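Undergrad: The structure that follows is given in the form of structure tokens.
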Protein chains: 2
Amino acid sequence: MDTSQLLKGVLDLAVLAVLRDEDGYGYDVLRRLRAGGMGEVGDASVYGTLRRLYKAGLLTSYVVPSDEGPHRKYYGMNDAGRERLVESEKAWRAFQETLDAILRKGAVA
Amino acid sequence: MDTSQLLKGVLDLAVLAVLRDEDGYGYDVLRRLRAGGMGEVGDASVYGTLRRLYKAGLLTSYVVPSDEGPHRKYYGMNDAGRERLVESEKAWRAFQETLDAILRKGAVA
DNA sequence: CGCGGTACTGCGCTTTGCGCAATAGTGTTC
DNA sequence: GAACACTATTGCGCAAAGCGCAGTACCGCG
């Protein structure tokens, strides 16, 4: 079973959701997602997604040196990110419903 | 908004679902999916998926000449396909719930 | 001093959906 | 009857995104 393909296009959404209420750095975002049930998500995927979202102007970023370990690159939401989160969530819900409908009725006949 | 990424790993499931009750040929499967709400799905994606599933041993295939147009390549389910459908559906439901939970609570805090 | 946990970057691979062109048969319209 | 539109399939090459893995680096502990 390849859960990884299901993540495509949805990891963005998950990452944004996890950052909605509180800023977080990569490693922490990874932990939040895993704690939330996404045990299969790879670390590189999360770091990549964060960079992608930042580059797209949806996140802010600032580095904080840590006393107990390497520096941490925090990411936080801005207005564009919040807007995107709402849109993506809507798209997700619509898609979900569409697929569920198809699963329910099988062939339209 | 890029709905296409949401399809990844799920188009298989949709195609199998649509073939569950009745055999169908590519063009028809495409129509069923579009009628079911997947207006954005590309024809090449469906043909590709059918070939992939067939190659994976999940579908049977037979060609039927048509009186009114080109020949049609029908696809039908076999036991492996049916089994896969059930599994994939289960995986989909689980994934759905996981993501919804993350969307609900945001940061685990 | 090496080992394990924390934390990030970069590289290359794979899967998969997509656009587009080509091929081909049929019916319609001007 | 030539052009066009719809049906129906194949193949090619592209792009997006998740992943594994290696490398770097910093810390504390035994």
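Every chain in the structure tokens has a letter given in the order shown (A, B, ...), and although residue numbers restart at 1 in each chain, ligands are simply numbered from 1 in the order shown.
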Using only C-alpha atoms, which chain B residues lie at most 9 Å away from chain A, written as a ChimeraX atom specification?

TA: /B:1-10,13-14,16-22,29,32-33,35-38,87-89,91-92,95-96,98-99,101-109

Undergrad: Dump N, CA and C atoms for the selected residues as a short mmCIF file (atom, residue, chain, number, x, y, z; two decimals), in the first residue's frame?

TA:
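This is the output file again-v1.cif:
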data_model
loop_
_atom_site.label_atom_id
_atom_site.label_comp_id
_atom_site.auth_asym_id
_atom_site.auth_seq_id
_atom_site.Cartn_x
_atom_site.Cartn_y
_atom_site.Cartn_z
N MET B 1 -5.70 27.22 -8.51
CA MET B 1 -5.88 25.99 -7.70
C MET B 1 -5.57 24.75 -8.55
N ASP B 2 -4.74 23.90 -8.02
CA ASP B 2 -4.31 22.75 -8.81
C ASP B 2 -4.93 21.45 -8.28
N THR B 3 -6.08 21.17 -8.82
CA THR B 3 -6.78 19.96 -8.39
C THR B 3 -6.06 18.70 -8.81
N SER B 4 -5.22 18.83 -9.83
CA SER B 4 -4.61 17.64 -10.41
C SER B 4 -3.77 16.87 -9.39
N GLN B 5 -3.12 17.60 -8.49
CA GLN B 5 -2.27 16.91 -7.52
C GLN B 5 -3.09 16.08 -6.54
N LEU B 6 -4.31 16.48 -6.32
CA LEU B 6 -5.16 15.72 -5.40
C LEU B 6 -5.50 14.34 -5.95
N LEU B 7 -5.46 14.23 -7.25
CA LEU B 7 -5.82 12.97 -7.89
C LEU B 7 -4.77 11.88 -7.68
N LYS B 8 -3.55 12.33 -7.43
CA LYS B 8 -2.45 11.36 -7.33
C LYS B 8 -2.73 10.25 -6.33
N GLY B 9 -2.64 9.06 -6.79
CA GLY B 9 -2.82 7.92 -5.92
C GLY B 9 -4.27 7.59 -5.64
N VAL B 10 -5.16 8.42 -6.20
CA VAL B 10 -6.57 8.24 -5.92
C VAL B 10 -7.34 7.92 -7.20
N LEU B 13 -8.16 4.37 -7.53
CA LEU B 13 -9.33 4.02 -6.73
C LEU B 13 -10.62 4.40 -7.45
N ALA B 14 -10.65 5.58 -8.01
CA ALA B 14 -11.84 6.05 -8.71
C ALA B 14 -12.15 5.18 -9.92
N LEU B 16 -11.24 2.04 -10.44
CA LEU B 16 -11.68 0.73 -9.98
C LEU B 16 -13.15 0.80 -9.53
N ALA B 17 -13.48 1.85 -8.82
CA ALA B 17 -14.85 2.00 -8.32
C ALA B 17 -15.85 2.07 -9.46
N VAL B 18 -15.46 2.77 -10.49
CA VAL B 18 -16.34 2.98 -11.63
C VAL B 18 -16.53 1.69 -12.45
N LEU B 19 -15.55 0.80 -12.33
CA LEU B 19 -15.63 -0.47 -13.06
C LEU B 19 -16.20 -1.59 -12.21
N ARG B 20 -16.51 -1.28 -10.98
CA ARG B 20 -16.93 -2.31 -10.04
C ARG B 20 -18.15 -3.09 -10.52
N ASP B 21 -19.15 -2.36 -10.97
CA ASP B 21 -20.42 -3.01 -11.31
C ASP B 21 -20.58 -3.34 -12.79
N GLU B 22 -19.78 -2.67 -13.61
CA GLU B 22 -19.97 -2.85 -15.05
C GLU B 22 -18.68 -2.60 -15.81
N VAL B 29 -15.11 5.20 -19.32
CA VAL B 29 -14.66 5.40 -17.95
C VAL B 29 -14.42 6.88 -17.71
N ARG B 32 -17.72 8.52 -17.26
CA ARG B 32 -18.30 8.21 -15.95
C ARG B 32 -17.67 9.07 -14.86
N LEU B 33 -16.36 9.19 -14.91
CA LEU B 33 -15.67 9.98 -13.89
C LEU B 33 -16.08 11.44 -13.97
N ALA B 35 -18.80 12.63 -15.25
CA ALA B 35 -20.20 12.74 -14.82
C ALA B 35 -20.28 12.69 -13.30
N GLY B 36 -19.33 11.98 -12.70
CA GLY B 36 -19.33 11.84 -11.24
C GLY B 36 -18.76 13.05 -10.52
N GLY B 37 -18.33 14.04 -11.28
CA GLY B 37 -17.85 15.25 -10.65
C GLY B 37 -16.39 15.56 -10.90
N MET B 38 -15.67 14.62 -11.47
CA MET B 38 -14.26 14.84 -11.74
C MET B 38 -14.08 15.47 -13.11
N GLU B 87 -9.11 -2.61 -0.37
CA GLU B 87 -7.95 -2.10 0.38
C GLU B 87 -7.78 -0.60 0.19
N SER B 88 -7.84 -0.19 -1.05
CA SER B 88 -7.60 1.22 -1.36
C SER B 88 -8.67 2.10 -0.73
N GLU B 89 -9.87 1.58 -0.75
CA GLU B 89 -10.97 2.34 -0.16
C GLU B 89 -10.72 2.51 1.34
N ALA B 91 -7.83 2.45 2.84
CA ALA B 91 -6.70 3.37 3.01
C ALA B 91 -7.17 4.81 2.83
N TRP B 92 -8.03 5.02 1.85
CA TRP B 92 -8.56 6.34 1.58
C TRP B 92 -9.34 6.87 2.78
N PHE B 95 -6.99 7.76 5.60
CA PHE B 95 -6.23 8.96 5.29
C PHE B 95 -7.09 10.21 5.45
N GLN B 96 -8.28 10.10 4.95
CA GLN B 96 -9.27 11.16 5.04
C GLN B 96 -9.45 11.59 6.50
N THR B 98 -7.51 11.04 9.06
CA THR B 98 -6.29 11.60 9.62
C THR B 98 -6.15 13.08 9.26
N LEU B 99 -6.31 13.37 7.99
CA LEU B 99 -6.16 14.76 7.56
C LEU B 99 -7.23 15.65 8.17
N ALA B 101 -8.67 15.28 10.95
CA ALA B 101 -8.34 15.50 12.36
C ALA B 101 -7.30 16.62 12.48
N ILE B 102 -6.32 16.59 11.62
CA ILE B 102 -5.28 17.62 11.65
C ILE B 102 -5.87 18.99 11.32
N LEU B 103 -6.77 19.01 10.35
CA LEU B 103 -7.41 20.27 9.98
C LEU B 103 -8.25 20.80 11.14
N ARG B 104 -8.85 19.89 11.86
CA ARG B 104 -9.70 20.30 12.97
C ARG B 104 -8.90 20.94 14.10
N LYS B 105 -7.87 20.26 14.52
CA LYS B 105 -7.18 20.72 15.71
C LYS B 105 -6.00 21.65 15.45
N GLY B 106 -5.59 21.77 14.17
CA GLY B 106 -4.45 22.63 13.90
C GLY B 106 -3.23 22.09 14.60
N ALA B 107 -2.49 22.95 15.27
CA ALA B 107 -1.31 22.50 16.00
C ALA B 107 -1.75 21.59 17.14
N VAL B 108 -0.96 20.55 17.33
CA VAL B 108 -1.27 19.62 18.40
C VAL B 108 -1.00 20.28 19.76
N ALA B 109 -0.09 21.23 19.70
CA ALA B 109 0.28 22.00 20.91
C ALA B 109 0.76 21.10 22.01
#

Undergrad: I'd like a table as a Markdown table: residues in chain A with an atom no more than 6 Å from chain D, each row giving the shortest atom pair and its distance in Å to one decimal, only C-alpha atoms (C1' of nucleotides) counted, sorted by chain and rising residue number.

TA:
| residue | atom | partner | partner_atom | distance |
| --- | --- | --- | --- | --- |
| A:Ser45 | CA | D:DG18 | C1' | 5.6 |
| A:Glu68 | CA | D:DC27 | C1' | 5.8 |
| A:Gly69 | CA | D:DC27 | C1' | 4.8 |
| A:Pro70 | CA | D:DC26 | C1' | 4.7 |

Undergrad: Please produce an output containing N, CA, C and O atoms for each residue in the selection, written as a JSON list (two decimals), in the first residue's frame.

TA:
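Full text of part_2.json as output:
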[["chain", "number", "residue", "atom", "x", "y", "z"],
["A", 45, "SER", "N", 10.27, 15.56, 2.91],
["A", 45, "SER", "CA", 9.03, 16.07, 2.33],
["A", 45, "SER", "C", 8.57, 17.31, 3.07],
["A", 45, "SER", "O", 8.14, 18.29, 2.45],
["A", 68, "GLU", "N", 20.13, 24.27, 23.12],
["A", 68, "GLU", "CA", 20.29, 22.83, 23.25],
["A", 68, "GLU", "C", 20.15, 22.14, 21.91],
["A", 68, "GLU", "O", 19.22, 21.37, 21.68],
["A", 69, "GLY", "N", 21.09, 22.43, 21.01],
["A", 69, "GLY", "CA", 21.06, 21.81, 19.70],
["A", 69, "GLY", "C", 21.31, 22.82, 18.60],
["A", 69, "GLY", "O", 21.65, 23.97, 18.89],
["A", 70, "PRO", "N", 21.17, 22.41, 17.37],
["A", 70, "PRO", "CA", 21.40, 23.29, 16.22],
["A", 70, "PRO", "C", 20.37, 24.41, 16.18],
["A", 70, "PRO", "O", 19.38, 24.38, 16.91]]

Undergrad: Report as a compact mmCIF listing (two decimals) with N, CA and C atoms, in the first residue's frame: the residues of stretch 23-101 of chain B with a DSSP assignment of strand (DSSP E), based on the backbone of this structure.

TA:
# COMPACT_ATOMS: atom_id res chain seq x y z
N GLY B 24 -16.15 -1.48 -18.72
CA GLY B 24 -16.19 -0.23 -19.46
C GLY B 24 -14.92 -0.04 -20.28
N TYR B 25 -15.01 0.75 -21.33
CA TYR B 25 -13.82 1.06 -22.12
C TYR B 25 -13.36 2.47 -21.76
N LEU B 59 -6.99 -5.92 -13.69
CA LEU B 59 -8.11 -5.82 -14.63
C LEU B 59 -7.97 -6.83 -15.75
N THR B 60 -9.10 -7.22 -16.30
CA THR B 60 -9.09 -8.01 -17.53
C THR B 60 -9.33 -7.04 -18.68
N SER B 61 -9.08 -7.52 -19.89
CA SER B 61 -9.21 -6.63 -21.03
C SER B 61 -9.61 -7.39 -22.28
N TYR B 62 -10.52 -6.82 -23.05
CA TYR B 62 -10.90 -7.42 -24.33
C TYR B 62 -11.37 -6.33 -25.28
N VAL B 63 -11.06 -6.55 -26.55
CA VAL B 63 -11.39 -5.53 -27.54
C VAL B 63 -12.70 -5.87 -28.24
N VAL B 64 -13.54 -4.90 -28.39
CA VAL B 64 -14.82 -5.08 -29.08
C VAL B 64 -14.93 -4.08 -30.22
N ARG B 72 -13.34 -0.59 -29.38
CA ARG B 72 -13.34 -0.23 -27.97
C ARG B 72 -12.61 -1.28 -27.16
N LYS B 73 -11.74 -0.80 -26.27
CA LYS B 73 -10.99 -1.73 -25.43
C LYS B 73 -11.65 -1.75 -24.06
N TYR B 74 -12.39 -2.81 -23.82
CA TYR B 74 -13.10 -2.92 -22.55
C TYR B 74 -12.18 -3.42 -21.43
N TYR B 75 -12.45 -2.93 -20.25
CA TYR B 75 -11.74 -3.41 -19.06
C TYR B 75 -12.77 -3.88 -18.04
N GLY B 76 -12.40 -4.94 -17.34
CA GLY B 76 -13.29 -5.47 -16.30
C GLY B 76 -12.50 -5.88 -15.09
N MET B 77 -13.17 -6.01 -13.98
CA MET B 77 -12.51 -6.35 -12.72
C MET B 77 -12.27 -7.86 -12.62

Undergrad: Tell me, in Å to one decimal, how far atom CA of B:Tyr27 is from atom CA of B:Asp43.

TA: 7.7 Å

Undergrad: Residues of chain C no more than 8 Å from chain A, counting only C-alpha atoms (C1' of nucleotides): send them over as JSON, numbers by chain.

TA: {"C": [6, 7, 15]}

Undergrad: Quick one: distance from atom CA of A:Asn78 to atom C1' of C:DC8 in Å, one decimal?

TA: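 Result for atom CA of A:Asn78 versus atom C1' of C:DC8: 22.4 Å, one decimal.
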